[in-house]
Each structure stands twice: as structure tokens, then as C-alpha cells.
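Visitor: My structure file work.cif, mmCIF, C-alpha atoms and all ligand atoms, is below:
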data_run
loop_
_atom_site.label_atom_id
_atom_site.label_comp_id
_atom_site.auth_asym_id
_atom_site.auth_seq_id
_atom_site.Cartn_x
_atom_site.Cartn_y
_atom_site.Cartn_z
CA MET J 1 0.00 0.00 0.00
CA VAL J 2 1.38 3.42 -0.96
CA PRO J 3 1.81 5.55 2.19
CA THR J 4 -1.07 7.99 2.72
CA ILE J 5 1.20 10.78 3.90
CA ARG J 6 4.92 11.45 3.66
CA TRP J 7 7.55 14.13 3.72
CA GLU J 8 9.43 14.78 0.50
CA GLY J 9 12.09 17.47 0.94
CA SER J 10 10.33 20.44 2.46
CA SER J 11 6.84 19.43 1.28
CA VAL J 12 4.22 17.05 2.64
CA TYR J 13 2.64 14.69 0.09
CA LEU J 14 -0.86 13.35 0.68
CA ILE J 15 -2.82 10.86 -1.40
CA ASP J 16 -5.85 12.83 -2.57
CA GLN J 17 -8.52 10.53 -1.14
CA ARG J 18 -11.34 12.49 -2.79
CA LYS J 19 -10.18 11.04 -6.10
CA LEU J 20 -9.79 7.39 -5.06
CA PRO J 21 -10.30 4.79 -6.37
CA GLN J 22 -10.48 6.21 -9.91
CA MET J 23 -7.24 8.20 -9.64
CA LEU J 24 -4.16 7.95 -7.42
CA GLU J 25 -2.99 11.56 -7.24
CA TRP J 26 -0.81 13.43 -4.78
CA PHE J 27 -1.83 16.65 -3.10
CA VAL J 28 1.33 18.59 -2.33
CA CYS J 29 1.38 20.79 0.78
CA ARG J 30 4.05 23.49 0.90
CA SER J 31 2.54 25.48 3.75
CA ILE J 32 0.42 25.06 6.85
CA ASP J 33 -2.49 26.59 4.91
CA ASP J 34 -2.27 23.81 2.33
CA VAL J 35 -2.49 21.21 5.12
CA ILE J 36 -5.43 22.99 6.79
CA THR J 37 -7.27 23.01 3.45
CA ALA J 38 -6.44 19.33 2.88
CA ILE J 39 -7.84 18.29 6.26
CA ARG J 40 -10.99 20.45 5.95
CA ASP J 41 -11.73 19.31 2.40
CA MET J 42 -10.99 15.68 3.26
CA VAL J 43 -8.08 15.22 0.87
CA ILE J 44 -6.83 13.31 3.90
CA ARG J 45 -9.27 11.91 6.46
CA GLY J 46 -9.47 9.33 9.22
CA ALA J 47 -8.59 10.34 12.78
CA PRO J 48 -4.98 9.09 13.04
CA ALA J 49 -4.11 10.33 9.52
CA ILE J 50 -5.38 13.85 10.18
CA GLY J 51 -3.48 13.86 13.50
CA ILE J 52 -0.24 13.10 11.64
CA ALA J 53 -1.11 15.67 8.97
CA ALA J 54 -1.71 18.26 11.71
CA GLY J 55 1.76 17.53 13.13
CA MET J 56 3.39 17.84 9.71
CA GLY J 57 1.38 20.98 8.98
CA LEU J 58 2.68 22.61 12.15
CA ALA J 59 6.21 21.61 11.17
CA LEU J 60 5.68 23.29 7.80
CA GLY J 61 4.21 26.34 9.53
CA SER J 62 7.08 26.61 11.99
CA GLN J 63 9.60 26.57 9.10
CA SER J 64 7.90 29.63 7.64
CA LEU J 65 8.14 31.71 10.84
CA ASN J 66 10.75 34.31 10.10
CA THR J 67 12.15 35.12 13.52
CA ASP J 68 15.00 34.10 15.82
CA ASP J 69 13.23 35.46 18.89
CA TYR J 70 11.74 32.67 21.01
CA THR J 71 8.81 34.71 22.39
CA THR J 72 7.72 35.82 18.93
CA PHE J 73 8.15 32.29 17.55
CA ARG J 74 6.10 30.79 20.36
CA ARG J 75 3.29 33.35 20.03
CA GLU J 76 2.98 32.79 16.28
CA PHE J 77 3.28 29.01 16.67
CA LEU J 78 0.44 28.96 19.23
CA GLU J 79 -1.69 31.00 16.85
CA MET J 80 -1.11 28.33 14.18
CA THR J 81 -2.12 25.57 16.61
CA ARG J 82 -5.47 27.31 17.18
CA ARG J 83 -6.16 27.28 13.46
CA MET J 84 -5.10 23.67 13.16
CA LYS J 85 -7.34 22.55 16.02
CA SER J 86 -10.42 24.00 14.33
CA THR J 87 -10.01 21.99 11.10
CA ARG J 88 -12.09 18.96 12.05
CA PRO J 89 -13.39 19.04 15.60
CA THR J 90 -14.44 15.45 16.35
CA ALA J 91 -11.17 13.51 16.02
CA SER J 92 -9.12 13.52 19.20
CA ASN J 93 -5.94 12.95 17.24
CA VAL J 94 -5.64 16.52 15.92
CA GLY J 95 -5.62 17.96 19.45
CA TRP J 96 -3.30 15.16 20.55
CA ALA J 97 -0.77 16.03 17.80
CA VAL J 98 -1.04 19.75 18.53
CA GLU J 99 -0.39 19.19 22.26
CA ARG J 100 2.75 17.18 21.51
CA MET J 101 4.11 19.94 19.32
CA VAL J 102 3.32 22.63 21.89
CA LYS J 103 5.11 20.56 24.54
CA ILE J 104 8.27 20.51 22.42
CA VAL J 105 8.14 24.25 21.81
CA VAL J 106 7.62 24.95 25.53
CA GLU J 107 10.27 22.50 26.73
CA MET J 108 12.87 23.86 24.29
CA ARG J 109 12.43 27.49 25.36
CA ASN J 110 16.17 27.82 26.05
CA HIS J 111 17.20 26.55 22.60
CA GLU J 112 17.78 28.35 19.31
CA VAL J 113 14.59 28.73 17.26
CA SER J 114 16.25 26.79 14.40
CA ALA J 115 16.77 23.81 16.75
CA ILE J 116 13.11 23.95 17.81
CA LYS J 117 11.99 23.92 14.18
CA GLU J 118 14.15 20.84 13.59
CA ALA J 119 12.70 19.08 16.64
CA VAL J 120 9.14 19.83 15.56
CA ARG J 121 9.78 18.32 12.14
CA ARG J 122 11.45 15.22 13.67
CA GLU J 123 8.47 14.76 15.97
CA SER J 124 6.09 14.82 13.00
CA GLU J 125 8.16 12.11 11.32
CA SER J 126 8.16 10.01 14.44
CA MET J 127 4.35 10.41 14.82
CA LEU J 128 4.00 8.71 11.45
CA GLU J 129 6.36 5.86 12.34
CA ARG J 130 4.77 5.30 15.76
CA ASP J 131 1.27 5.26 14.30
CA ILE J 132 2.17 2.47 11.87
CA GLU J 133 3.74 0.54 14.74
CA ALA J 134 0.62 1.10 16.89
CA ASN J 135 -1.61 -0.17 14.10
CA ARG J 136 0.41 -3.34 13.72
CA ASN J 137 0.07 -3.96 17.46
CA ILE J 138 -3.69 -3.26 17.28
CA GLY J 139 -3.82 -5.82 14.47
CA GLN J 140 -2.05 -8.47 16.55
CA ASN J 141 -4.13 -7.74 19.66
CA GLY J 142 -7.40 -7.75 17.74
CA MET J 143 -6.97 -10.68 15.40
CA ARG J 144 -7.27 -13.08 18.35
CA LEU J 145 -10.90 -11.99 18.61
CA VAL J 146 -11.58 -12.95 15.00
CA PRO J 147 -12.69 -16.56 14.62
CA ASP J 148 -11.69 -18.56 11.55
CA ARG J 149 -14.34 -18.30 8.80
CA ALA J 150 -15.76 -15.13 10.35
CA ASN J 151 -17.95 -12.70 8.47
CA ILE J 152 -16.89 -9.25 9.67
CA LEU J 153 -18.85 -6.05 9.19
CA THR J 154 -16.96 -2.75 9.05
CA HIS J 155 -18.07 0.83 8.54
CA CYS J 156 -16.37 3.77 6.83
CA ASN J 157 -12.61 3.41 6.27
CA ALA J 158 -10.34 2.68 9.21
CA GLY J 159 -7.56 1.35 7.04
CA ALA J 160 -4.09 2.33 5.84
CA LEU J 161 -5.58 5.42 4.21
CA ALA J 162 -7.07 6.61 7.50
CA THR J 163 -3.82 6.20 9.42
CA GLY J 164 -0.05 6.35 8.93
CA GLY J 165 -0.39 2.88 7.38
CA TYR J 166 -1.89 -0.61 7.95
CA GLY J 167 -5.06 0.63 9.69
CA THR J 168 -6.95 0.07 12.93
CA ALA J 169 -10.20 -1.84 12.22
CA LEU J 170 -8.80 -2.83 8.85
CA GLY J 171 -5.45 -3.57 10.50
CA ILE J 172 -7.17 -6.28 12.55
CA ILE J 173 -8.81 -7.65 9.41
CA ARG J 174 -5.42 -7.59 7.64
CA ALA J 175 -3.67 -9.31 10.54
CA ALA J 176 -6.34 -12.05 10.70
CA PHE J 177 -6.04 -12.59 6.94
CA GLU J 178 -2.21 -12.59 7.05
CA ALA J 179 -2.40 -15.19 9.85
CA GLY J 180 -4.24 -17.48 7.45
CA LYS J 181 -7.77 -17.07 8.80
CA GLN J 182 -10.42 -17.48 6.15
CA ILE J 183 -12.49 -14.36 6.57
CA HIS J 184 -15.00 -12.39 4.58
CA VAL J 185 -15.73 -8.69 5.09
CA PHE J 186 -19.03 -6.89 4.62
CA VAL J 187 -18.26 -3.23 3.89
CA ASP J 188 -20.88 -0.55 4.54
CA GLU J 189 -20.75 1.83 1.60
CA THR J 190 -20.91 4.71 4.14
CA ARG J 191 -23.03 7.54 2.81
CA PRO J 192 -22.63 10.33 2.02
CA LEU J 193 -18.95 10.29 1.02
CA LEU J 194 -18.69 6.54 0.44
CA GLN J 195 -15.50 5.89 2.38
CA GLY J 196 -16.50 2.19 2.52
CA MET J 197 -17.29 1.77 -1.16
CA ARG J 198 -14.37 3.88 -2.40
CA LEU J 199 -11.57 3.46 0.15
CA THR J 200 -12.10 0.30 2.20
CA ALA J 201 -13.01 -1.59 -0.98
CA PHE J 202 -9.87 -0.18 -2.66
CA GLU J 203 -7.66 -1.45 0.17
CA LEU J 204 -9.33 -4.87 0.33
CA VAL J 205 -8.94 -5.34 -3.43
CA GLU J 206 -5.22 -4.47 -3.13
CA ASP J 207 -4.75 -7.07 -0.40
CA GLY J 208 -6.92 -9.76 -2.00
CA ILE J 209 -9.19 -10.01 1.06
CA PRO J 210 -12.66 -11.31 0.13
CA PHE J 211 -15.41 -8.74 0.68
CA THR J 212 -18.86 -7.58 -0.35
CA VAL J 213 -20.13 -4.00 -0.23
CA ILE J 214 -23.60 -3.40 1.20
CA VAL J 215 -25.74 -0.29 1.43
CA ASP J 216 -25.67 1.07 4.97
CA CYS J 217 -29.26 0.15 5.71
CA ALA J 218 -28.72 -3.55 4.81
CA ALA J 219 -26.63 -4.21 7.94
CA GLY J 220 -29.58 -4.99 10.23
CA TYR J 221 -31.05 -7.45 7.75
CA LEU J 222 -27.73 -9.32 7.47
CA MET J 223 -27.34 -9.45 11.25
CA LYS J 224 -30.84 -10.82 11.68
CA LYS J 225 -30.03 -13.50 9.07
CA LYS J 226 -26.95 -14.50 11.13
CA ARG J 227 -24.60 -13.55 8.31
CA ILE J 228 -22.41 -11.30 10.50
CA ASP J 229 -20.21 -12.78 13.26
CA LEU J 230 -18.64 -9.57 14.53
CA VAL J 231 -18.46 -5.85 13.84
CA ILE J 232 -15.22 -3.84 13.96
CA THR J 233 -15.07 -0.09 13.49
CA GLY J 234 -12.53 2.65 14.11
CA ALA J 235 -12.98 5.64 16.41
CA ASP J 236 -12.55 9.40 16.26
CA ARG J 237 -12.71 10.14 19.97
CA ILE J 238 -13.17 7.87 22.98
CA ALA J 239 -14.18 9.25 26.37
CA LEU J 240 -12.95 7.83 29.69
CA ASN J 241 -16.13 5.76 30.15
CA GLY J 242 -15.71 4.17 26.68
CA ASP J 243 -18.36 6.22 24.82
CA THR J 244 -17.01 6.40 21.28
CA ALA J 245 -17.50 8.85 18.43
CA ASN J 246 -17.11 7.41 14.95
CA LYS J 247 -18.54 7.88 11.47
CA ILE J 248 -22.27 8.59 11.38
CA GLY J 249 -24.17 5.31 11.36
CA THR J 250 -21.88 3.54 13.83
CA TYR J 251 -24.35 3.96 16.73
CA GLN J 252 -27.15 2.20 14.91
CA LEU J 253 -24.81 -0.66 13.98
CA ALA J 254 -23.84 -1.10 17.63
CA VAL J 255 -27.48 -1.15 18.78
CA LEU J 256 -28.35 -3.68 16.07
CA ALA J 257 -25.34 -5.80 17.02
CA LYS J 258 -26.43 -5.92 20.67
CA GLU J 259 -30.02 -6.77 19.69
CA ASN J 260 -28.67 -9.66 17.58
CA GLU J 261 -26.04 -10.77 20.16
CA ILE J 262 -23.10 -10.00 17.87
CA PRO J 263 -19.84 -8.65 19.38
CA PHE J 264 -19.18 -5.02 18.51
CA TYR J 265 -15.50 -4.02 18.69
CA VAL J 266 -13.84 -0.62 18.41
CA ALA J 267 -10.20 -0.44 17.29
CA ALA J 268 -8.16 2.68 18.07
CA PRO J 269 -4.73 3.91 19.11
CA VAL J 270 -4.27 5.67 22.45
CA SER J 271 -4.09 8.98 20.54
CA SER J 272 -7.84 8.62 19.84
CA PHE J 273 -8.75 8.61 23.57
CA ASP J 274 -9.61 11.88 25.27
CA PRO J 275 -8.40 11.80 28.88
CA ASN J 276 -10.27 15.05 29.59
CA LEU J 277 -13.75 13.74 28.77
CA GLU J 278 -15.71 11.75 31.31
CA ASN J 279 -18.30 10.58 28.77
CA GLY J 280 -19.47 11.06 25.21
CA ASP J 281 -21.84 13.96 25.92
CA GLY J 282 -19.02 16.44 25.51
CA ILE J 283 -17.71 15.12 22.17
CA PRO J 284 -18.02 17.82 19.51
CA ILE J 285 -19.85 16.49 16.46
CA GLU J 286 -18.80 17.96 13.13
CA GLU J 287 -21.65 19.00 10.85
CA ARG J 288 -20.66 19.18 7.19
CA GLY J 289 -22.25 20.91 4.22
CA HIS J 290 -25.65 19.81 2.93
CA GLU J 291 -24.27 19.55 -0.62
CA GLU J 292 -22.40 16.36 0.38
CA VAL J 293 -25.83 14.71 0.72
CA VAL J 294 -27.71 16.47 -2.06
CA PHE J 295 -25.05 15.89 -4.72
CA PHE J 296 -23.70 12.52 -5.80
CA ALA J 297 -20.52 12.39 -7.89
CA GLY J 298 -21.06 16.03 -8.82
CA GLN J 299 -24.68 15.42 -9.86
CA GLN J 300 -27.61 16.99 -7.99
CA ILE J 301 -29.92 14.15 -6.94
CA GLY J 302 -32.65 15.99 -5.03
CA PRO J 303 -35.07 18.66 -6.22
CA ASP J 304 -33.86 22.27 -6.32
CA HIS J 305 -33.58 24.01 -2.95
CA VAL J 306 -33.68 20.72 -1.00
CA ARG J 307 -31.92 20.98 2.35
CA ALA J 308 -30.12 18.09 4.02
CA TYR J 309 -28.76 17.68 7.53
CA ASN J 310 -25.27 16.16 7.52
CA PRO J 311 -23.75 15.28 10.92
CA ALA J 312 -20.47 13.49 10.13
CA PHE J 313 -20.22 11.43 13.35
CA ASP J 314 -22.30 9.93 16.11
CA VAL J 315 -21.52 8.65 19.59
CA THR J 316 -21.94 5.00 20.54
CA PRO J 317 -22.60 4.63 24.28
CA CYS J 318 -20.12 2.32 26.00
CA GLN J 319 -22.73 -0.31 26.93
CA TYR J 320 -22.95 -1.33 23.25
CA ILE J 321 -19.19 -1.88 22.90
CA SER J 322 -17.90 -5.40 23.67
CA ALA J 323 -14.22 -4.35 23.79
CA ILE J 324 -11.85 -1.61 22.62
CA ILE J 325 -8.69 -2.85 20.93
CA THR J 326 -5.62 -0.64 21.34
CA GLU J 327 -1.90 -0.99 20.72
CA LYS J 328 -1.46 -1.51 24.47
CA GLY J 329 -4.00 -4.32 24.72
CA VAL J 330 -7.71 -5.02 24.67
CA VAL J 331 -9.84 -3.12 27.18
CA THR J 332 -13.18 -4.49 28.27
CA PRO J 333 -16.05 -3.14 30.41
CA PRO J 334 -16.12 -1.54 32.89
CA TYR J 335 -13.94 0.82 30.89
CA ARG J 336 -13.08 3.75 33.15
CA SER J 337 -10.17 2.26 35.11
CA SER J 338 -8.73 0.31 32.18
CA ILE J 339 -8.87 3.38 29.91
CA LYS J 340 -7.14 5.49 32.57
CA GLY J 341 -4.46 2.77 32.69
CA LEU J 342 -3.71 3.32 28.98
CA PHE J 343 -2.23 6.71 29.84
CA LYS J 344 0.22 5.24 32.34
CA GLY J 345 3.55 3.74 31.37
CA PRO J 346 5.58 4.26 28.20
CA GLU J 347 4.17 4.83 24.77
CA ILE J 348 4.48 1.90 22.43
O1 LIG J 401 -15.00 11.61 8.01
P1 LIG J 401 -13.86 10.64 8.05
O2 LIG J 401 -13.70 9.87 6.79
O3 LIG J 401 -12.58 11.30 8.52
O4 LIG J 401 -14.29 9.60 9.18
C1 LIG J 401 -13.41 8.55 9.49
C2 LIG J 401 -13.92 7.63 10.52
O5 LIG J 401 -14.98 7.80 11.08
C3 LIG J 401 -13.00 6.52 10.94
O6 LIG J 401 -13.71 5.38 11.32
C4 LIG J 401 -12.15 7.00 12.14
O7 LIG J 401 -11.58 8.24 11.87
C5 LIG J 401 -11.08 6.02 12.47
S1 LIG J 401 -9.86 5.88 11.21
C6 LIG J 401 -8.70 4.77 11.77
#
Take the structure in this file and express it as C-alpha cells.

Guide:
Amino acid sequence: MVPTIRWEGSSVYLIDQRKLPQMLEWFVCRSIDDVITAIRDMVIRGAPAIGIAAGMGLALGSQSLNTDDYTTFRREFLEMTRRMKSTRPTASNVGWAVERMVKIVVEMRNHEVSAIKEAVRRESESMLERDIEANRNIGQNGMRLVPDRANILTHCNAGALATGGYGTALGIIRAAFEAGKQIHVFVDETRPLLQGMRLTAFELVEDGIPFTVIVDCAAGYLMKKKRIDLVITGADRIALNGDTANKIGTYQLAVLAKENEIPFYVAAPVSSFDPNLENGDGIPIEERGHEEVVFFAGQQIGPDHVRAYNPAFDVTPCQYISAIITEKGVVTPPYRSSIKGLFKGPEI
């Protein structure tokens, strides 16, 4: 799989995911503004991937600050972090990446500005490497929960494209397949932007993993017919009690899974947990433009002047989640103490 995001010289290259699977094109970011546009317009998407992009964007931004004075540098850097944080509000990973960069800038207050810029860039590179490593560990931890011959339902795209590489929910599917398990994946097409149909399907084709795309509203029917053995999704933000925000439609899948006694798993790196949120009530839900619903592949599909409501995420209450699979292990209910434990000890 071609990496979703990478440094090349002093530019950041992103696969333009709006154009997949028809075209594999690079979107080149030469400034923090380019990265902010790319995240907002969903050139790059998926919580871990936009976290890494935010880190790289801040590194690009810091390079452009034309001062040797630490106080001026810090003030302008903090201003950039505010803009970066507002790009897409639901994913925890953007704030997580921003906080790490701020920590470096604060801790290096007695260094030359040029050294701080270097450190910020190095940190953005290491975020990418560590995310891939985390995904591989999520894959190993999660694949034990996948029985041989399982039919797995997934929603949206939580794959290599949504992360530094390999994927979270799709990382578990990959790891199970690589371990020789005979699995089949049902992929929700994921209206309105079709991340399932366009991106998850693209990744599964590349890896030769058997799958079938379904329309989002077919999931309940398949569960009732006992054609789904487990559900695995990614996450955008997880509160301390385990309430989880993910792509709109995830909540109804979790309720249907519980009704049909099917395990519902969430896969996410520690960077997707929000240690400051007690529960999901405080998770900000991004609302996107109505044209994403009213238009399909550039074609208007509703009557003129039709309005559509387009929340991009929903929150699944923790009681519907059988387990959360992280790079540090699998956490099970009751979640609060085990999630707090994820923040102790070294990062993996
Ligand atoms: O709007 P998107 O495409 O950024 O939404 C992505 C999701 O909801 C993913 O499931 C989530 O970010 C996890 S990606 C590993």
C-alpha cells in the first residue's frame, strides 16, 4: 500500500482521497495553509491520519516563521495551533498532535529557534512511524478476537488510508487474513462520502481479502439473518467511560449488534482517547455541508432548494461496545479504570 502521507524534501505529500479509487494523485502541501485546506476538504481523512497531517502541517508552519526570537516564535506558533485545532473538531488525534508539538516548543524554550523547528519536524516524522507501529500492534491484539471463517462487518474506512499505514479496524482484518484465517468482510458503503465503497473496498482489493459492499441500511437485515459474526469499526474520539464517536451510522450498527447478540468491537490507538472527557456527551460532532448529501458524484440528486442535515459522526454509548482494541492491549467493560491505565507507562 502506498503511504497515505509522507515528507518529501520540504513538502508534505498526501494521497488525494477524494479522487480514489479512480485516480491515485498526490496533493502537495508546501505550507500550513495547504495542510489545513487538505484536512478540511478531506483530501486526507481518518482520525490518526489527520493527526499526523496536523503535526506535519505545524512543522511546515514553523519553518515559515521568520524570527529568531523565542517569544515571537512561540506566540505565532500557538496561533497556528489554534487554526489547526479548528479543522475537524471530532477527532481527538488533531488535538493530541497539537499538544505534543506545543510541549516541544515549551520545553525547548532555552534553545535556538532553528533547533526547535528541527525538533518539531522530527516529531512529525516520528508520529508517522509510531502510528504504523501502533496499528500493527492493534492488528495483533485484535486478530485473536476474529474466529476462523468469520464474516466481519466494518463501517467507513479505518484502514491504511485513515492512518499512517496498515489501519486500525482494517489492521485487525489484515492481521487475521495474514495469519491465514479465512475471513469475509461486509463493507458498509458509508453515505454520504462513500469511504467504505471507495476506500475500504480499494484497500481490500489491493490485499486480495474477500469482501462484499452493502448499502448502509442492509446491515440490520444481514445481522438478523446470522450472516455477521462480529463488527469492527474505528474511532474518532473515545471518552474515559468508553463512549465512542465514529462515522455517522456507527451507533445504529452497535445497537443492532447488541439486539442480535453479535460482538461489537472498536479499534483505536491511544491517541484517539480523550483523557479530559468523562463521557461522550461532551464530544463535539462535526456538521458538514448539505451539498455532500444532495449531490452525488457532482450530480444533484434531489429537487432544487432541497436541504439536508449532515452530521459526520455519532456517539456509541459504552454499553454497546464489547471491547476496545488498542496498541497496548484489549480493554473491556467496565472501561473507566482500564482506559485510565492506557495513559500510564511508556508509549508503544
Ligand atoms: O469523516 P472521516 O472519513 O474522517 O471519518 C473517518 C472515521 O470515522 C474513521 O472510522 C475513524 O476516523 C477512524 S480511522 C482509523

Visitor: Distance cut-off 12 Å, centre (-15.6, 15.7, 23.2) in file coordinates, counting all atoms listed in the file: which residues qualify? Return them as a PyMOL selection string.

Guide: chain J and resi 89-93+95+236-240+243-246+272-286+313-315

Visitor: Please give me, as a ChimeraX atom specification, the residues lying within 8 Å of ligand LIG 401 (chain J) when counting only C-alpha atoms and all ligand atoms.

Guide: /J:42,44-50,91,155-160,162-163,167-169,193,195,233-236,245-248,267-268,312-313

Visitor: Name the residues in contact with Leu194 of chain J at a cut-off of 12 Å, using only C-alpha atoms, excluding same-chain residues fewer than 5 positions from it; report them as a list in words.

Guide: Gln17, Arg18, Lys19, Leu20, Pro21, His155, Cys156, Asn157, Val187, Asp188, Glu189, Leu199, Thr200, Ala201, Phe202, Val213, Ile214, Val215, Asp216, Lys247, Ile248, Glu292, Val293, Phe296 and Ala297 of chain J

Visitor: What is the atom CA of Arg198 of chain J to atom CA of Arg30 of chain J distance in Å?

Guide: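 Separation of atom CA of Arg198 of chain J and atom CA of Arg30 of chain J: 27.1 Å.
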
Visitor: Which residues are near Gly55 of chain J? Cut-off 8 Å, all atoms listed in the file, ignore same chain within fewer than 3 positions. Put them as number ranges by chain.

Guide: J: 51-52, 58-59, 94, 97-98, 101, 123-124, 127

Visitor: Can I get segment 186-199 of chain J with N, CA, C and O atoms filled in, as a CSV table (one decimal), keeping the file's coordinate frame?

Guide:
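What ended up in result07.csv:
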chain,number,residue,atom,x,y,z
J,186,PHE,N,-17.9,-7.7,5.2
J,186,PHE,CA,-19.0,-6.9,4.6
J,186,PHE,C,-18.7,-5.4,4.9
J,186,PHE,O,-18.3,-5.0,6.0
J,187,VAL,N,-18.7,-4.6,3.8
J,187,VAL,CA,-18.3,-3.2,3.9
J,187,VAL,C,-19.5,-2.3,3.7
J,187,VAL,O,-20.1,-2.3,2.6
J,188,ASP,N,-19.8,-1.6,4.7
J,188,ASP,CA,-20.9,-0.6,4.5
J,188,ASP,C,-20.4,0.5,3.5
J,188,ASP,O,-19.3,1.0,3.7
J,189,GLU,N,-21.2,0.8,2.6
J,189,GLU,CA,-20.8,1.8,1.6
J,189,GLU,C,-20.4,3.2,2.3
J,189,GLU,O,-19.5,3.9,1.9
J,190,THR,N,-21.2,3.5,3.3
J,190,THR,CA,-20.9,4.7,4.1
J,190,THR,C,-21.2,6.0,3.4
J,190,THR,O,-20.4,6.8,3.0
J,191,ARG,N,-22.5,6.3,3.3
J,191,ARG,CA,-23.0,7.5,2.8
J,191,ARG,C,-22.7,8.6,3.8
J,191,ARG,O,-22.6,8.4,5.0
J,192,PRO,N,-22.5,9.9,3.4
J,192,PRO,CA,-22.6,10.3,2.0
J,192,PRO,C,-21.3,10.3,1.2
J,192,PRO,O,-21.4,10.3,0.0
J,193,LEU,N,-20.2,10.2,1.8
J,193,LEU,CA,-19.0,10.3,1.0
J,193,LEU,C,-18.4,9.0,0.6
J,193,LEU,O,-17.3,8.9,0.0
J,194,LEU,N,-19.0,7.9,1.0
J,194,LEU,CA,-18.7,6.5,0.4
J,194,LEU,C,-17.3,6.1,0.8
J,194,LEU,O,-16.6,5.4,-0.1
J,195,GLN,N,-16.8,6.3,2.0
J,195,GLN,CA,-15.5,5.9,2.4
J,195,GLN,C,-15.4,4.4,2.3
J,195,GLN,O,-14.3,3.8,2.1
J,196,GLY,N,-16.5,3.7,2.6
J,196,GLY,CA,-16.5,2.2,2.5
J,196,GLY,C,-16.4,1.7,1.1
J,196,GLY,O,-15.5,1.0,0.7
J,197,MET,N,-17.3,2.2,0.3
J,197,MET,CA,-17.3,1.8,-1.2
J,197,MET,C,-16.0,2.2,-1.9
J,197,MET,O,-15.4,1.4,-2.7
J,198,ARG,N,-15.5,3.4,-1.6
J,198,ARG,CA,-14.4,3.9,-2.4
J,198,ARG,C,-13.0,3.4,-1.8
J,198,ARG,O,-12.1,3.0,-2.5
J,199,LEU,N,-12.9,3.6,-0.5
J,199,LEU,CA,-11.6,3.5,0.2
J,199,LEU,C,-11.3,2.1,0.8
J,199,LEU,O,-10.3,1.5,0.5
